[in-house]
>>> print(open('my_file25.cif').read())   # mmCIF, C-alpha atoms and all ligand atoms
data_upload
loop_
_atom_site.label_atom_id
_atom_site.label_comp_id
_atom_site.auth_asym_id
_atom_site.auth_seq_id
_atom_site.Cartn_x
_atom_site.Cartn_y
_atom_site.Cartn_z
CA MET A 29 -3.52 -0.59 -17.74
CA SER A 30 0.27 -0.61 -18.00
CA TYR A 31 2.38 -2.36 -15.42
CA HIS A 32 6.05 -1.67 -14.81
CA SER A 33 8.72 -3.34 -12.81
CA ILE A 34 10.16 -1.35 -9.92
CA THR A 35 13.50 -2.37 -8.43
CA LEU A 36 14.92 -1.24 -5.10
CA GLU A 37 18.68 -0.90 -5.61
CA ASP A 38 19.35 -1.24 -1.90
CA THR A 39 17.97 -4.76 -1.57
CA GLY A 40 17.63 -5.90 -5.18
CA GLU A 41 13.93 -6.60 -4.61
CA SER A 42 11.49 -5.76 -7.35
CA PHE A 43 7.76 -5.65 -7.76
CA ARG A 44 5.20 -4.99 -10.50
CA SER A 45 3.17 -1.85 -10.24
CA SER A 46 0.59 -0.07 -12.34
CA GLU A 47 0.81 3.49 -13.63
CA THR A 48 -2.07 4.45 -11.37
CA ARG A 49 -0.41 3.39 -8.12
CA THR A 50 2.18 5.58 -6.43
CA VAL A 51 5.64 4.13 -5.97
CA LEU A 52 5.09 4.41 -2.20
CA ASP A 53 1.87 2.39 -2.32
CA GLY A 54 3.74 -0.25 -4.31
CA MET A 55 6.54 -0.38 -1.76
CA ALA A 56 4.07 -0.56 1.10
CA ALA A 57 2.32 -3.46 -0.64
CA LEU A 58 5.59 -5.39 -0.45
CA GLY A 59 4.51 -5.83 3.13
CA LYS A 60 7.85 -4.99 4.65
CA LYS A 61 7.40 -4.26 8.29
CA GLY A 62 7.95 -0.73 9.37
CA ILE A 63 7.86 1.13 6.05
CA PRO A 64 6.89 4.48 7.51
CA VAL A 65 4.17 5.42 5.14
CA GLY A 66 3.52 8.96 6.26
CA CYS A 67 1.16 11.60 5.00
CA CYS A 68 0.98 10.24 1.42
CA GLY A 69 0.55 13.83 0.26
CA GLY A 70 4.11 15.01 -0.43
CA GLY A 71 4.24 16.95 2.81
CA CYS A 72 6.13 15.09 5.54
CA GLY A 73 9.19 13.87 3.64
CA VAL A 74 9.53 10.39 5.15
CA CYS A 75 9.30 8.66 1.76
CA LYS A 76 12.22 10.32 -0.06
CA ILE A 77 13.79 8.24 -2.84
CA GLU A 78 16.17 8.69 -5.75
CA ILE A 79 15.16 7.37 -9.14
CA ILE A 80 18.28 5.90 -10.75
CA SER A 81 16.68 5.02 -14.08
CA GLY A 82 13.32 5.10 -15.76
CA THR A 83 10.59 7.65 -16.38
CA TYR A 84 7.82 8.73 -14.08
CA ARG A 85 5.00 11.17 -13.56
CA LYS A 86 5.12 13.39 -10.50
CA ARG A 87 3.02 15.91 -8.60
CA VAL A 88 3.98 18.95 -6.54
CA MET A 89 6.02 18.07 -3.40
CA SER A 90 7.02 20.06 -0.33
CA ARG A 91 10.12 22.22 -1.00
CA GLU A 92 11.05 21.66 2.60
CA HIS A 93 12.01 18.11 1.68
CA ILE A 94 12.70 18.25 -2.07
CA SER A 95 14.89 21.16 -3.18
CA VAL A 96 15.02 22.37 -6.77
CA GLU A 97 18.34 20.57 -7.02
CA ASP A 98 16.86 17.37 -5.59
CA GLU A 99 14.08 17.48 -8.11
CA ALA A 100 16.50 18.08 -10.98
CA ASN A 101 18.43 15.00 -9.84
CA ASN A 102 15.38 12.72 -9.62
CA ARG A 103 15.25 12.82 -5.83
CA VAL A 104 11.52 12.77 -5.13
CA LEU A 105 8.87 11.71 -2.64
CA ALA A 106 7.63 8.20 -3.43
CA CYS A 107 4.05 9.13 -2.54
CA ARG A 108 3.97 11.76 -5.34
CA VAL A 109 5.48 9.63 -8.11
CA TRP A 110 3.85 7.22 -10.57
CA PRO A 111 5.91 4.98 -12.89
CA THR A 112 5.64 5.41 -16.67
CA SER A 113 8.39 2.85 -17.39
CA ASP A 114 10.39 0.32 -15.40
CA LEU A 115 12.18 2.07 -12.53
CA ARG A 116 15.27 1.49 -10.45
CA LEU A 117 15.37 3.46 -7.23
CA LYS A 118 17.24 4.04 -3.99
CA VAL A 119 15.62 4.79 -0.66
CA LEU A 120 16.92 8.00 0.93
CA GLY A 121 14.58 9.24 3.62
CA LYS A 122 13.54 7.97 6.99
CA MET A 123 12.38 4.83 5.19
CA SER A 124 15.88 3.61 4.41
CA LYS A 125 16.40 2.10 7.86
CA SER A 126 13.39 -0.15 7.72
CA VAL A 127 13.52 -1.06 4.06
CA CYS A 128 17.16 -2.02 4.19
CA ASN A 129 16.85 -3.57 7.61
CA ASP A 130 20.14 -4.62 9.14
CA LYS A 131 22.05 -4.50 5.88
CA ALA A 132 24.72 -1.85 6.26
CA VAL A 133 23.75 0.73 3.71
CA ALA A 134 25.41 4.10 3.46
CA SER A 135 22.30 6.10 4.08
CA GLU A 136 21.87 9.58 2.78
CA VAL A 137 19.45 10.67 5.46
CA LYS A 138 19.89 14.38 5.74
CA MET B 22 -20.39 35.67 32.90
CA ALA B 23 -17.76 33.13 33.73
CA MET B 24 -15.88 32.91 30.46
CA THR B 25 -13.73 35.97 29.87
CA GLY B 26 -10.38 36.77 28.26
CA VAL B 27 -9.54 34.19 25.61
CA LEU B 28 -12.80 32.60 24.45
CA ARG B 29 -11.82 29.92 21.94
CA PRO B 30 -9.69 29.02 18.93
CA GLY B 31 -10.88 31.36 16.19
CA HIS B 32 -9.04 30.57 12.99
CA ALA B 33 -6.17 28.52 11.60
CA GLN B 34 -4.40 29.41 8.35
CA MET B 35 -2.76 26.49 6.52
CA ARG B 36 -0.54 26.15 3.48
CA VAL B 37 -1.47 23.67 0.74
CA LEU B 38 0.41 22.49 -2.34
CA ASP B 39 -2.47 22.60 -4.83
CA LEU B 40 -5.17 25.15 -4.07
CA GLU B 41 -7.92 23.86 -6.39
CA GLU B 42 -7.53 20.29 -5.15
CA SER B 43 -7.60 21.51 -1.55
CA ILE B 44 -10.68 23.69 -2.05
CA LYS B 45 -12.54 20.64 -3.32
CA PHE B 46 -11.21 18.54 -0.47
CA TYR B 47 -12.15 20.92 2.32
CA SER B 48 -15.53 21.74 0.73
CA ASP B 49 -16.73 18.31 -0.36
CA VAL B 50 -14.88 15.77 1.76
CA VAL B 51 -14.36 17.61 5.05
CA GLY B 52 -17.60 19.47 4.36
CA LEU B 53 -16.63 22.97 5.42
CA VAL B 54 -18.56 25.92 3.98
CA GLU B 55 -16.57 28.29 1.76
CA THR B 56 -17.19 31.88 2.85
CA GLY B 57 -14.80 33.96 0.76
CA ARG B 58 -11.61 34.49 -1.23
CA ASP B 59 -9.24 37.44 -0.96
CA ALA B 60 -6.85 39.36 -3.22
CA GLN B 61 -3.91 37.28 -1.93
CA GLY B 62 -5.65 34.16 -3.22
CA ARG B 63 -6.54 32.84 0.22
CA VAL B 64 -9.72 30.77 0.53
CA TYR B 65 -11.85 31.03 3.67
CA PHE B 66 -14.02 28.37 5.27
CA LYS B 67 -16.13 27.85 8.34
CA ALA B 68 -17.81 24.80 9.80
CA TRP B 69 -21.54 24.88 9.16
CA ASP B 70 -22.55 25.52 12.78
CA GLU B 71 -20.01 28.26 13.43
CA ARG B 72 -21.34 31.78 13.36
CA ASP B 73 -18.25 33.87 12.68
CA HIS B 74 -17.22 34.42 9.07
CA ASN B 75 -14.22 32.08 8.96
CA SER B 76 -12.31 29.56 11.06
CA PHE B 77 -10.09 27.82 8.52
CA ILE B 78 -8.11 29.52 5.77
CA ILE B 79 -5.91 27.95 3.11
CA ARG B 80 -3.37 29.39 0.70
CA GLN B 81 -1.14 27.81 -1.91
CA ALA B 82 2.57 27.56 -1.04
CA ASP B 83 5.56 25.39 -1.93
CA LYS B 84 5.48 23.62 1.45
CA PRO B 85 2.46 22.64 3.52
CA GLY B 86 2.03 23.45 7.21
CA LEU B 87 0.51 26.02 9.53
CA ASP B 88 0.91 29.79 9.02
CA PHE B 89 -0.77 30.82 12.27
CA PHE B 90 -3.31 29.73 14.87
CA SER B 91 -5.55 32.36 16.44
CA PHE B 92 -7.80 32.81 19.43
CA LYS B 93 -10.82 35.05 19.80
CA VAL B 94 -10.90 37.25 22.92
CA ASP B 95 -13.97 38.78 24.52
CA SER B 96 -13.46 42.46 23.60
CA HIS B 97 -11.19 45.02 22.00
CA ALA B 98 -10.19 46.22 25.49
CA THR B 99 -9.07 42.67 26.35
CA LEU B 100 -7.10 42.53 23.09
CA LEU B 101 -5.23 45.72 24.03
CA LYS B 102 -4.65 44.46 27.55
CA PHE B 103 -3.21 41.14 26.33
CA ASP B 104 -0.97 43.02 23.89
CA ALA B 105 0.42 45.11 26.77
CA ASP B 106 0.70 42.07 29.05
CA LEU B 107 2.58 40.07 26.41
CA GLN B 108 5.03 42.92 25.87
CA ALA B 109 5.50 43.32 29.62
CA TYR B 110 6.29 39.58 29.73
CA GLY B 111 9.04 40.24 27.17
CA ILE B 112 7.32 39.01 24.05
CA LYS B 113 7.49 40.96 20.80
CA THR B 114 4.03 41.52 19.35
CA GLU B 115 2.86 42.77 15.99
CA ARG B 116 -0.45 44.48 15.18
CA ILE B 117 -2.13 43.39 11.97
CA PRO B 118 -4.77 45.85 10.81
CA ALA B 119 -8.46 45.04 10.66
CA GLY B 120 -9.50 43.70 7.26
CA GLU B 121 -6.14 42.11 6.42
CA LEU B 122 -8.03 38.87 6.97
CA LEU B 123 -11.56 39.02 5.53
CA GLU B 124 -14.29 40.12 7.97
CA THR B 125 -11.78 40.04 10.83
CA GLY B 126 -10.76 42.86 13.15
CA GLU B 127 -7.33 43.91 14.31
CA ARG B 128 -5.03 41.04 15.30
CA VAL B 129 -2.14 40.84 17.75
CA ARG B 130 0.43 38.34 16.53
CA PHE B 131 3.38 36.90 18.44
CA MET B 132 5.69 33.93 18.24
CA ILE B 133 5.70 31.34 21.03
CA PRO B 134 8.91 29.40 21.81
CA THR B 135 7.72 26.37 19.87
CA GLY B 136 8.19 28.50 16.75
CA HIS B 137 4.49 29.05 16.03
CA GLN B 138 2.74 32.31 15.20
CA ILE B 139 -0.19 32.76 17.56
CA GLU B 140 -2.75 35.53 17.13
CA LEU B 141 -5.45 37.16 19.22
CA TYR B 142 -8.37 39.14 17.85
CA ALA B 143 -11.68 40.40 19.19
CA GLU B 144 -13.86 40.90 16.14
CA LYS B 145 -15.05 38.75 13.27
CA THR B 146 -18.30 39.30 11.41
CA ASP B 147 -21.19 37.18 12.64
CA VAL B 148 -22.61 35.62 9.47
CA GLY B 149 -24.71 33.10 11.39
CA ASN B 150 -25.00 29.34 10.94
CA GLY B 151 -27.62 29.51 8.21
CA GLN B 152 -30.42 29.72 10.76
CA PRO B 153 -32.28 32.74 12.09
CA TYR B 154 -31.59 33.83 15.66
CA THR B 155 -35.32 33.63 16.27
CA ASN B 156 -37.06 30.25 16.12
CA PRO B 157 -34.29 28.27 14.31
CA GLU B 158 -34.39 24.69 13.04
CA ALA B 159 -32.05 22.04 14.48
CA TRP B 160 -29.74 21.85 11.47
CA ILE B 161 -29.36 22.82 7.83
CA PRO B 162 -28.54 20.78 4.68
CA GLU B 163 -24.83 21.70 5.01
CA ALA B 164 -24.81 19.64 8.21
CA GLU B 165 -24.90 16.52 6.02
CA HIS B 166 -22.53 17.58 3.23
CA GLY B 167 -19.25 15.66 3.57
CA ILE B 168 -17.92 15.01 7.05
CA ALA B 169 -19.50 18.31 8.12
CA PRO B 170 -17.91 19.08 11.49
CA VAL B 171 -19.62 21.61 13.74
CA ARG B 172 -16.52 23.62 14.52
CA MET B 173 -12.77 24.01 14.18
CA ASP B 174 -11.81 22.97 17.69
CA HIS B 175 -8.08 22.87 18.53
CA ALA B 176 -4.59 22.23 17.21
CA LEU B 177 -1.68 20.03 18.25
CA LEU B 178 1.60 21.87 17.66
CA TYR B 179 5.12 20.39 17.59
CA GLY B 180 8.16 22.45 18.55
CA PRO B 181 11.16 22.68 20.88
CA ASP B 182 10.34 24.79 23.94
CA ILE B 183 6.88 23.69 25.01
CA ASP B 184 7.61 24.84 28.57
CA GLY B 185 8.13 28.44 27.51
CA ALA B 186 5.08 28.29 25.26
CA ARG B 187 2.93 26.79 28.04
CA ASP B 188 4.07 29.51 30.46
CA ILE B 189 2.97 32.28 28.09
CA LEU B 190 -0.42 30.67 27.51
CA VAL B 191 -0.94 30.03 31.23
CA ASN B 192 0.67 33.05 32.87
CA VAL B 193 -0.30 35.74 30.38
CA LEU B 194 -3.38 34.47 28.56
CA GLY B 195 -5.10 32.55 31.36
CA PHE B 196 -5.05 29.01 29.96
CA TYR B 197 -4.79 26.10 32.42
CA LEU B 198 -3.11 22.71 32.24
CA VAL B 199 -5.54 19.80 31.77
CA GLU B 200 -3.28 16.84 30.97
CA ARG B 201 0.42 16.15 30.46
CA ILE B 202 2.73 13.31 29.44
CA LEU B 203 6.01 13.14 31.35
CA LEU B 204 9.28 11.86 29.88
CA GLU B 205 11.46 9.16 31.50
CA ASP B 206 12.94 11.64 34.00
CA GLY B 207 9.51 12.06 35.58
CA LYS B 208 9.64 15.86 35.36
CA THR B 209 10.02 17.02 31.76
CA ASP B 210 6.84 17.30 29.74
CA LEU B 211 6.75 15.42 26.44
CA ALA B 212 3.34 16.93 25.78
CA VAL B 213 0.78 19.25 27.37
CA TRP B 214 -2.93 19.85 26.80
CA LEU B 215 -4.19 23.32 27.73
CA SER B 216 -7.68 24.79 27.95
CA CYS B 217 -8.99 28.37 27.92
CA SER B 218 -12.57 27.17 28.41
CA THR B 219 -14.38 24.10 29.72
CA LYS B 220 -13.16 22.00 26.80
CA ALA B 221 -10.61 19.32 27.66
CA HIS B 222 -8.20 21.17 25.34
CA ASP B 223 -8.07 24.25 23.16
CA ILE B 224 -4.43 23.74 22.22
CA ALA B 225 -1.86 21.00 22.78
CA MET B 226 1.89 20.84 22.24
CA VAL B 227 4.45 18.05 21.85
CA ARG B 228 8.20 18.54 22.38
CA HIS B 229 9.91 18.17 19.01
CA PRO B 230 13.30 19.32 17.66
CA GLU B 231 12.05 21.23 14.60
CA PRO B 232 10.18 24.48 15.34
CA GLY B 233 6.83 25.55 13.93
CA LYS B 234 5.49 22.11 12.99
CA VAL B 235 1.86 21.07 13.12
CA HIS B 236 0.61 17.61 13.98
CA HIS B 237 -3.04 18.39 13.33
CA VAL B 238 -5.87 20.87 13.34
CA ALA B 239 -9.02 19.26 14.72
CA PHE B 240 -12.68 19.51 13.77
CA LEU B 241 -15.45 18.59 16.18
CA LEU B 242 -18.27 16.16 15.41
CA ASP B 243 -21.39 15.60 17.51
CA SER B 244 -21.18 11.89 18.15
CA TRP B 245 -19.18 8.69 17.86
CA GLU B 246 -21.57 7.64 15.10
CA LYS B 247 -20.53 10.73 13.13
CA VAL B 248 -16.89 9.75 13.66
CA LEU B 249 -17.70 6.40 11.99
CA ARG B 250 -19.53 8.22 9.22
CA ALA B 251 -16.44 10.43 8.75
CA ALA B 252 -14.31 7.30 8.34
CA ASP B 253 -16.75 5.98 5.71
CA ILE B 254 -16.52 9.27 3.81
CA MET B 255 -12.72 9.13 3.99
CA SER B 256 -12.73 5.64 2.48
CA MET B 257 -15.21 6.63 -0.24
CA ASN B 258 -12.83 9.44 -1.17
CA ARG B 259 -9.61 7.42 -0.70
CA VAL B 260 -8.38 9.81 1.97
CA LYS B 261 -5.20 8.60 3.68
CA ILE B 262 -6.19 7.66 7.25
CA ASP B 263 -3.36 7.78 9.77
CA ILE B 264 -5.23 5.99 12.58
CA GLY B 265 -8.75 5.36 13.79
CA PRO B 266 -11.58 5.44 14.41
CA THR B 267 -10.33 4.95 17.96
CA ARG B 268 -10.22 6.76 21.29
CA HIS B 269 -7.60 8.92 22.98
CA GLY B 270 -6.82 8.16 26.63
CA VAL B 271 -5.85 11.81 27.00
CA THR B 272 -9.09 13.90 26.89
CA ARG B 273 -11.06 10.65 26.15
CA GLY B 274 -12.12 11.97 22.74
CA THR B 275 -13.08 9.52 19.99
CA THR B 276 -11.04 10.24 16.92
CA ILE B 277 -9.65 9.74 13.44
CA TYR B 278 -6.35 11.20 12.25
CA ALA B 279 -6.18 11.60 8.48
CA PHE B 280 -4.25 13.64 5.90
CA ASP B 281 -5.34 16.35 3.50
CA PRO B 282 -4.05 16.24 -0.12
CA SER B 283 -0.88 18.16 0.86
CA GLY B 284 -0.03 15.86 3.74
CA ASN B 285 -1.35 18.13 6.50
CA ARG B 286 -2.86 15.93 9.19
CA PHE B 287 -6.33 16.80 10.42
CA GLU B 288 -8.47 15.23 13.12
CA THR B 289 -12.19 14.61 13.17
CA PHE B 290 -13.24 13.82 16.70
CA SER B 291 -16.10 13.75 19.11
CA GLY B 292 -16.46 13.97 22.85
CA GLY B 293 -13.79 14.42 25.44
CA TYR B 294 -14.79 15.46 28.92
CA SER B 295 -15.58 18.96 30.17
CA SER B 296 -12.90 20.42 32.38
CA TYR B 297 -12.65 23.30 34.85
CA PRO B 298 -9.73 25.51 35.88
CA ASP B 299 -9.82 24.27 39.48
CA TRP B 300 -9.40 20.64 38.44
CA HIS B 301 -6.20 18.78 39.21
CA PRO B 302 -4.28 18.09 35.96
CA ILE B 303 -3.99 14.47 34.81
CA THR B 304 -0.48 13.07 34.35
CA TRP B 305 0.53 10.20 32.06
CA THR B 306 3.89 8.50 32.46
CA ILE B 307 6.00 7.61 29.44
CA ASP B 308 5.59 3.86 29.97
CA ASP B 309 1.84 4.27 29.44
CA VAL B 310 2.06 6.85 26.64
CA GLY B 311 0.61 4.43 24.09
CA ARG B 312 -2.63 4.08 26.03
CA GLY B 313 -2.68 7.83 26.62
CA ILE B 314 -2.55 8.68 22.92
CA PHE B 315 -4.36 5.68 21.39
CA TYR B 316 -6.44 4.04 24.10
CA HIS B 317 -7.26 0.84 22.19
CA ASP B 318 -4.01 0.15 20.32
CA ARG B 319 -2.14 0.98 23.55
CA ALA B 320 0.89 1.88 21.42
CA LEU B 321 1.97 4.91 19.43
CA ASN B 322 2.05 4.36 15.68
CA ASP B 323 5.25 5.13 13.75
CA ALA B 324 3.77 8.35 12.46
CA PHE B 325 2.78 9.98 15.75
CA LEU B 326 6.19 11.39 16.64
CA THR B 327 7.66 11.71 13.14
CA VAL B 328 5.08 12.70 10.53
CA VAL B 329 4.34 16.44 10.73
CA THR B 330 4.15 19.35 8.31
S1 LIG A 401 4.53 9.99 2.88
FE1 LIG A 401 4.70 12.11 3.51
S2 LIG A 401 5.85 12.92 1.85
FE2 LIG A 401 5.47 10.87 1.17
FE FE A 402 -6.57 16.63 18.67
#
>>> encode(input="my_file25.cif", output="structure tokens")
Amino acid sequence: MSYHSITLEDTGESFRSSETRTVLDGMAALGKKGIPVGCCGGGCGVCKIEIISGTYRKRVMSREHISVEDEANNRVLACRVWPTSDLRLKVLGKMSKSVCNDKAVASEVK
Amino acid sequence: MAMTGVLRPGHAQMRVLDLEESIKFYSDVVGLVETGRDAQGRVYFKAWDERDHNSFIIRQADKPGLDFFSFKVDSHATLLKFDADLQAYGIKTERIPAGELLETGERVRFMIPTGHQIELYAEKTDVGNGQPYTNPEAWIPEAEHGIAPVRMDHALLYGPDIDGARDILVNVLGFYLVERILLEDGKTDLAVWLSCSTKAHDIAMVRHPEPGKVHHVAFLLDSWEKVLRAADIMSMNRVKIDIGPTRHGVTRGTTIYAFDPSGNRFETFSGGYSSYPDWHPITWTIDDVGRGIFYHDRALNDAFLTVVT
């Protein structure tokens, strides 16, 4: 099984994750309090992220939360994305508050 | 006969992101019985012990969620009367011809102020529960396939104007209020549970800024032990469990919330008390809302007010 290193731009934290675990599951395993892991099925939109670099495998996601333009710009739902290389990513959705805690981060919550 | 007018929830139609994956999920994990497919590509299911042709319909779409939630009424005459009553109340209705939905008669569709499409219909083909109507057995093999609920039971809808929606259901369609949660001001409802029968709820609604959202569609199980068995089956199939097994304070049902492969939440539950239209409604205050929703945790989880489709 291949493992990749996933880095959260917002906090600089990184973790190792396998190709068979979703990025969201990896983030949740970091054990940060309050990561709102939602439906885990690409439906509710709470886990929106932007992949800054790296390659990944993805599955169909709700268009209500990921527009065609989002998808073209690597804005995806973390629960529908699996790493196929090392990744750097930014948290966008309702997760950004809890992941980034009290650090002042210009959030892109829509 | 005491039960007239609206009899019960009849069918829910949901959108899924991947049809094949969802067919497998609802057939083998939830354990519904597939009863048909139509030219639009919709797939029809019923719970094993239901007698009408379908109660749960899925179709593939680019976003998950609920298309419509429908109630069966006692006769065609009642259907026509409700259509007239709704219009007289100022609600626009639409007639959908018989057969548009497989084995289902004419439907009257209207939008309630939470942004949901609600339907009424009087006829759906009785295909039976796999048992004869003379000298049946207690259950059939399908009763043990997957979670295998006995019926599609109710839905919890999220949308803005739950007061207007409640008024239509109560004043026009004869539902009654069973339980409510009041906000800080002590008068505005955060949530209401309504019944058209002697069930503790046939539909519930939570006040929420976005219209037309669904929190869950619920499937009934016979016992608390079957709720535990459902949780085992969810774990065996790596189904994302939101919360449970636990108990609701509201309705007192024992429950699990979990998600289908498109992120639609569903509930498998058992119990809840029987209610009657003359009963005084139960009120929960906002400071005890945690115990009302999740009786053992005594706190809402993060997902309860935010994760919907
Ligand atoms: S957790 Fe719901 S879309 Fe990812
Ligand atoms: Fe429920």
>>> residues_around(input="my_file25.cif", residues="Pro85 (chain B)", least_positions_apart="5", cutoff="10 Å", atoms="only C-alpha atoms", output="NGL selection string")
(:A and (69-72 or 89-92)) or (:B and (35-39 or 79-80 or 234-235 or 282-285 or 329-330))
>>> residues_around(input="my_file25.cif", residues="region 51-64 of chain A", least_positions_apart="6", cutoff="10 Å", atoms="only C-alpha atoms", output="PyMOL selection string")
(chain A and resi 34-36+41-45+74-77+84+105-111+115+117+121-129) or (chain B and resi 322-324+327-328)
>>> closest_residue(input="my_file25.cif", among="B:Ser48, B:Thr289, B:Ser43, B:Asn150", to="ligand FE 402 (chain A)", atoms="all atoms listed in the file")
B:Thr289
>>> closest_residue(input="my_file25.cif", among="B:Leu203, B:Ala176, B:Ile307, B:Ala109", to="Ile224 (chain B)", atoms="all atoms listed in the file")
B:Ala176
>>> residues_near_ligand(input="my_file25.cif", ligand="ligand FE 402 (chain A)", cutoff="10 Å", atoms="only C-alpha atoms and all ligand atoms", output="VMD selection string")
chain B and resid 174 to 178 214 222 to 225 236 to 241 269 271 to 272 274 to 278 287 to 291 314
>>> atom_distance(input="my_file25.cif", atom1="CA of Phe131 (chain B)", atom2="CA of Ala105 (chain B)")
12.1 Å
>>> residues_around(input="my_file25.cif", residues="Asp59 (chain B)", least_positions_apart="2", cutoff="10 Å", atoms="only C-alpha atoms", output="PyMOL selection string")
chain B and resi 57+61-65+121-123
>>> residues_around(input="my_file25.cif", residues="Gly149 (chain B)", least_positions_apart="2", cutoff="6 Å", atoms="only C-alpha atoms", output="PyMOL selection string")
chain B and resi 72+147+151
>>> closest_residue(input="my_file25.cif", among="B:Leu100, B:Leu198, B:Val148, B:Ala82", to="chain A", atoms="only C-alpha atoms")
B:Ala82
>>> closest_residue(input="my_file25.cif", among="B:Lys145, B:His317, B:His32, B:Arg286", to="Lys67 (chain B)", atoms="all atoms listed in the file")
B:His32
>>> closest_residue(input="my_file25.cif", among="A:Tyr31, A:Glu99, A:His93, A:Arg49", to="ligand LIG 401 (chain A)", atoms="all atoms listed in the file")
A:His93
>>> closest_residue(input="my_file25.cif", among="B:Asp243, B:Asp263, B:Asp309, B:Glu42", to="chain A", atoms="only C-alpha atoms")
B:Asp263
>>> atom_distance(input="my_file25.cif", atom1="CA of Gln138 (chain B)", atom2="CA of Thr209 (chain B)")
23.7 Å
>>> atom_distance(input="my_file25.cif", atom1="CA of Ser218 (chain B)", atom2="CA of Arg187 (chain B)")
15.5 Å
>>> residues_around(input="my_file25.cif", residues="Gly82 (chain A)", least_positions_apart="3", cutoff="7 Å", atoms="all atoms listed in the file", output="list in words")
Ser113, Asp114, Leu115 and Arg116 of chain A
>>> build_atoms(input="my_file25.cif", residues="region 56-61 of chain B", atoms="all heavy atoms", output="compact mmCIF listing (two decimals), in the frame of the given file")
# COMPACT_ATOMS: atom_id res chain seq x y z
N THR B 56 -16.55 30.59 2.55
CA THR B 56 -17.19 31.88 2.85
C THR B 56 -16.52 33.06 2.15
O THR B 56 -17.02 34.17 2.24
CB THR B 56 -17.18 32.16 4.36
OG1 THR B 56 -15.83 32.09 4.84
CG2 THR B 56 -18.05 31.16 5.12
N GLY B 57 -15.41 32.83 1.46
CA GLY B 57 -14.80 33.96 0.76
C GLY B 57 -13.42 33.65 0.20
O GLY B 57 -12.83 32.61 0.51
N ARG B 58 -12.97 34.55 -0.68
CA ARG B 58 -11.61 34.49 -1.23
C ARG B 58 -11.07 35.90 -1.22
O ARG B 58 -11.83 36.85 -1.42
CB ARG B 58 -11.62 33.95 -2.66
CG ARG B 58 -12.19 32.56 -2.73
CD ARG B 58 -12.06 31.91 -4.10
NE ARG B 58 -12.76 30.62 -4.04
CZ ARG B 58 -12.57 29.64 -4.92
NH1 ARG B 58 -11.73 29.79 -5.92
NH2 ARG B 58 -13.22 28.50 -4.79
N ASP B 59 -9.77 36.07 -1.00
CA ASP B 59 -9.24 37.44 -0.96
C ASP B 59 -8.24 37.69 -2.08
O ASP B 59 -7.91 36.79 -2.86
CB ASP B 59 -8.70 37.79 0.43
CG ASP B 59 -7.42 37.04 0.78
OD1 ASP B 59 -6.77 36.48 -0.13
OD2 ASP B 59 -7.08 37.01 1.98
N ALA B 60 -7.74 38.94 -2.13
CA ALA B 60 -6.85 39.36 -3.22
C ALA B 60 -5.53 38.59 -3.19
O ALA B 60 -4.87 38.45 -4.22
CB ALA B 60 -6.60 40.86 -3.12
N GLN B 61 -5.15 38.08 -2.01
CA GLN B 61 -3.91 37.28 -1.93
C GLN B 61 -4.13 35.86 -2.41
O GLN B 61 -3.19 35.06 -2.38
CB GLN B 61 -3.44 37.19 -0.48
CG GLN B 61 -2.99 38.48 0.14
CD GLN B 61 -2.56 38.25 1.60
OE1 GLN B 61 -1.99 37.21 1.94
NE2 GLN B 61 -2.85 39.20 2.48
